[in-house]
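Okay, so here's the structure we're looking at.
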Amino acid sequence: MKKSKQNGSITRHRGWWVLRYRESVGEGGVVQTLLKARRLAPVDAQHKTKASVRRLADEILEPLRGRKVSPLFVTTLSDFVERLYLPWVKQQKRPSTYQAYAQMWNAYLKDQCKSSWMREVETHDVQKWLEEIAKKPRQRGDLEYTLSKNTMAHIKHLVSGVFGYAARQGFFNRANPVELAEIPAFAPREKEGGAYSLEEIYLMLRILPEPAATVVATAAYTGLRLGELQGLTWEDYTPPSNDTQVGMIEVRRSVWRGKVGEPKTEKSRVPVPVIPQLSSRLAQFRRSLVNPDHRPIFANSTGNPMDINALYYRNMRKELKNMGVVWHGWHGLRRGLASNLNRLGVDDSVIQAILRHSDVSLTQRCYIKTVSPDAIAAMRRLSARLSEMELRSESVLESSLSQGGNLEAQIVQ
């Protein structure tokens with residue numbers, strides 16, 4: 001490696017003192033020398049001569065003087081992200097995380113900041129990127145929109161992660177420039193995701209065919225994430241041994257676009273209680289299958305994990321639309337479990353345990369993999385409420401469906 005020594009040249013240009021200098025940079029692992037120019041200060045009463053701005057020039061040049069030049073430590077943001085950061089994410093993170101990061105980089109960030117030099121990025125640069133990304137109009141079909149605060153937060157998190165990784169690898173030696181940047185206030189708030197009530201879930205289970213009904217019941221009564229549902233096998237499920245016990249599901253894997261990976265967090269591996277209503281449905285569903293052992297609970301025709309998103313479009317969308325049920329996505333069933341437990345008076349900390357939410361605390365990340373008595377008691381209360389609903393008159397339900405009456409009001413009464 002060679003050393004770079006220079007003092008640069010200071011000239012006047014259009015009312016400004018301008019520093020011109022050479023800098024070695026790295027692109028794709030190859031060192032190149034570029035001519036660069038930086039404005040120092042306007043030519044005014046405080047800055048009449050070259051000597052008056054020499055200190056400002058030295059602040060720029062000092063990090064370059066005597067520095068050993070390596071392609072590893074002088075590079076553009078684009079080169080670093082595409083050659084080093086995204087490959088690291090692909091290797092270390094979940095496939096869905098890599099996919100999301102790559103899409104955000106290519107769709108929102110690449111054109112905005114690809115030519116920026118890593119070591120020169122300041123907080124004001126990041127703030128400018130966020131504001132320009134947030135105000136840019138976008139098109140989805142005939143609808144024009146701008147990115148929501150939630151999406152902007154994800155973008156900011158990605159950029160922060162890039163500089164955090166750069167610092168850990170020795171590519172950046174200052175405070176993370178993203179830390180003090182803010183999400184633009186004018187970005188719209190994202191519409192809150194819906195949550196299904198017990199009455200809506202009960203209706204779905206009455207009208208949906210199999211296997212959609214059992215998938216919905218499993219999602220609604222366990223709070224499992226989409227990838228966890230797709231990754232379930234019969235070996236993960238322990239049925240109750242008697243009428244006084246509850247079943248258990250061990251969350252061991254997550255499947256995303258056919259790829260088998262780890263659950264989202266370590267705490268996600270906590271066993272999930274299975275209420276009697278779901279145990280009964282799973283037992284009936286299993287009896288309807290041919291050779292279910294050693295296969296996913298929800299398998300496709302080839303015995304591999306089912307694409308549950310495709311199941312919605314194929315077997316659920318039309319039925320739900322005909323009954324006037326708005327689809328809030330599979331996560332709406334997870335949100336629904338939290339909301340329904342809250343309606344029953346369950347403490348928020350117990351709901352958090354049931355849904356296996358992660359926390360920054362080391363203690364919570366190293367969560368002991370047992371189900372608390374409070375969690376089991378809460379799920380028993382949910383089970384009791386469902387039993388009350390199932391005891392409603394079958395004739396009232398059938399009459400309401402045939403006459404188009406207010407089914408939800410009938411069930412709640």
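In the structure tokens, chains take the letters A, B, ... in the order shown, each chain's residues start at 1, and ligands count up from 1 in the order shown.
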Exercise for the section: Can you pull out every residue within 12 Å of Gln127 of chain A, counting only C-alpha atoms, but drop anything in the same chain fewer than 6 positions away, and send it as number ranges by chain? Expected result: A: 112-113, 121, 133-134, 152, 155-156, 159, 177-185
Leu77 of chain A environment, 6 Å, only C-alpha atoms, sequence neighbours closer than 3 positions dropped, as a PDB file with C-alpha atoms, in the first residue's frame:
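Writing the result to part33.pdb gives the following:
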```pdb
ATOM      1  CA  PHE A  80     -19.822  -1.092   0.595  1.00  0.00           C
ATOM      2  CA  LYS A 114     -24.927   5.547  -4.100  1.00  0.00           C
ATOM      3  CA  SER A 116     -21.609   9.194  -1.374  1.00  0.00           C
ATOM      4  CA  TRP A 117     -18.218   8.374   0.147  1.00  0.00           C
ATOM      5  CA  MET A 118     -18.521   6.405   3.358  1.00  0.00           C
TER       6      MET A 118
END
```
Problem - Contacts of Leu56 of chain A within 10 Å, only C-alpha atoms, excl. fewer than 6 positions in-chain, as a PyMOL selection string - result: chain A and resi 19+39-41
Practice task
Going by DSSP on the backbone, which bits of segment 113-168 of chain A are helix (DSSP H, G or I)? Write them as an MDAnalysis selection string, please.
Solution key: chainID A and resid 113 118:120 123:135 149:168
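Proximity ranking of A:Met379, A:Leu391, A:Leu341, A:Leu147 relative to Ala107 of chain A places A:Leu147 first, based on only C-alpha atoms.
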Handout entry: Residue set, segment 91-301 of chain A restricted to strand (DSSP E), as a list in words
Key = Arg138, Gln139, Arg140, Leu143, Glu144, Tyr145, Tyr237, Thr238, Gly247, Met248, Ile249, Ser254, Val255, Trp256, Lys259, Val260, Gly261, Val272, Pro273 and Val274 of chain A
Practice task
Write out as a PyMOL selection string the residues lying within 8 Å of segment 327-340 of chain A, counting only C-alpha atoms and excluding same-chain residues fewer than 2 positions away.
Solution key: chain A and resi 193-198+216+219-226+317+320+325+342-344+351+355
Would you mind listing what lies within 7 Å of Asp236 of chain A as a compact mmCIF listing (two decimals) with N, CA and C atoms, in the first residue's frame, with only C-alpha atoms counted and same-chain residues fewer than 4 positions away left out?
```txt
# COMPACT_ATOMS: atom_id res chain seq x y z
N LEU A 232 -44.62 -25.70 10.95
CA LEU A 232 -45.09 -26.68 11.93
C LEU A 232 -45.09 -28.10 11.37
N ILE A 249 -47.40 -26.73 21.54
CA ILE A 249 -46.70 -26.65 20.26
C ILE A 249 -45.30 -26.12 20.53
N GLU A 250 -44.30 -26.85 20.07
CA GLU A 250 -42.91 -26.39 20.15
C GLU A 250 -42.57 -25.68 18.83
N VAL A 251 -42.23 -24.41 18.92
CA VAL A 251 -41.88 -23.65 17.72
C VAL A 251 -40.39 -23.85 17.46
```
Practice task
Within 12 Å of Arg138 of chain A, counting only C-alpha atoms, which residues show up once you throw out same-chain ones fewer than 6 positions away? Write them as a count of residues only, please.
Solution key: 7
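Between atom CA of Trp88 of chain A and atom CA of Lys259 of chain A lies a distance of 18.0 Å.
Proximity ranking of A:Gln230, A:Gln103, A:Ile354, A:Phe285 relative to Ala310 of chain A places A:Gln230 first, based on only C-alpha atoms.
Nearest to Met316 of chain A of all the residues A:Pro137, A:Pro211, A:Gly8, A:Gly231 is A:Pro211, counting only C-alpha atoms.
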Practice task
Please identify all polymer residues within 12 Å of Lys264 of chain A, counting only C-alpha atoms, omitting same-chain residues fewer than 6 positions from it, and present them as a PyMOL selection string.
Solution key: chain A and resi 93-97+224-228+251-256+270+356-358+365
Handout entry: Separation of atom CA of Asp58 of chain A from atom CA of Glu120 of chain A, in Å and rounded to one decimal
Key = 15.1 Å
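Atom pair atom CA of Thr214 of chain A / atom CA of Gln352 of chain A: separated by 23.9 Å.
Across A:Met204, A:Ser387, A:Ala299, A:Val274, the tightest approach to Ala375 of chain A is made by A:Val274 when counting only C-alpha atoms.
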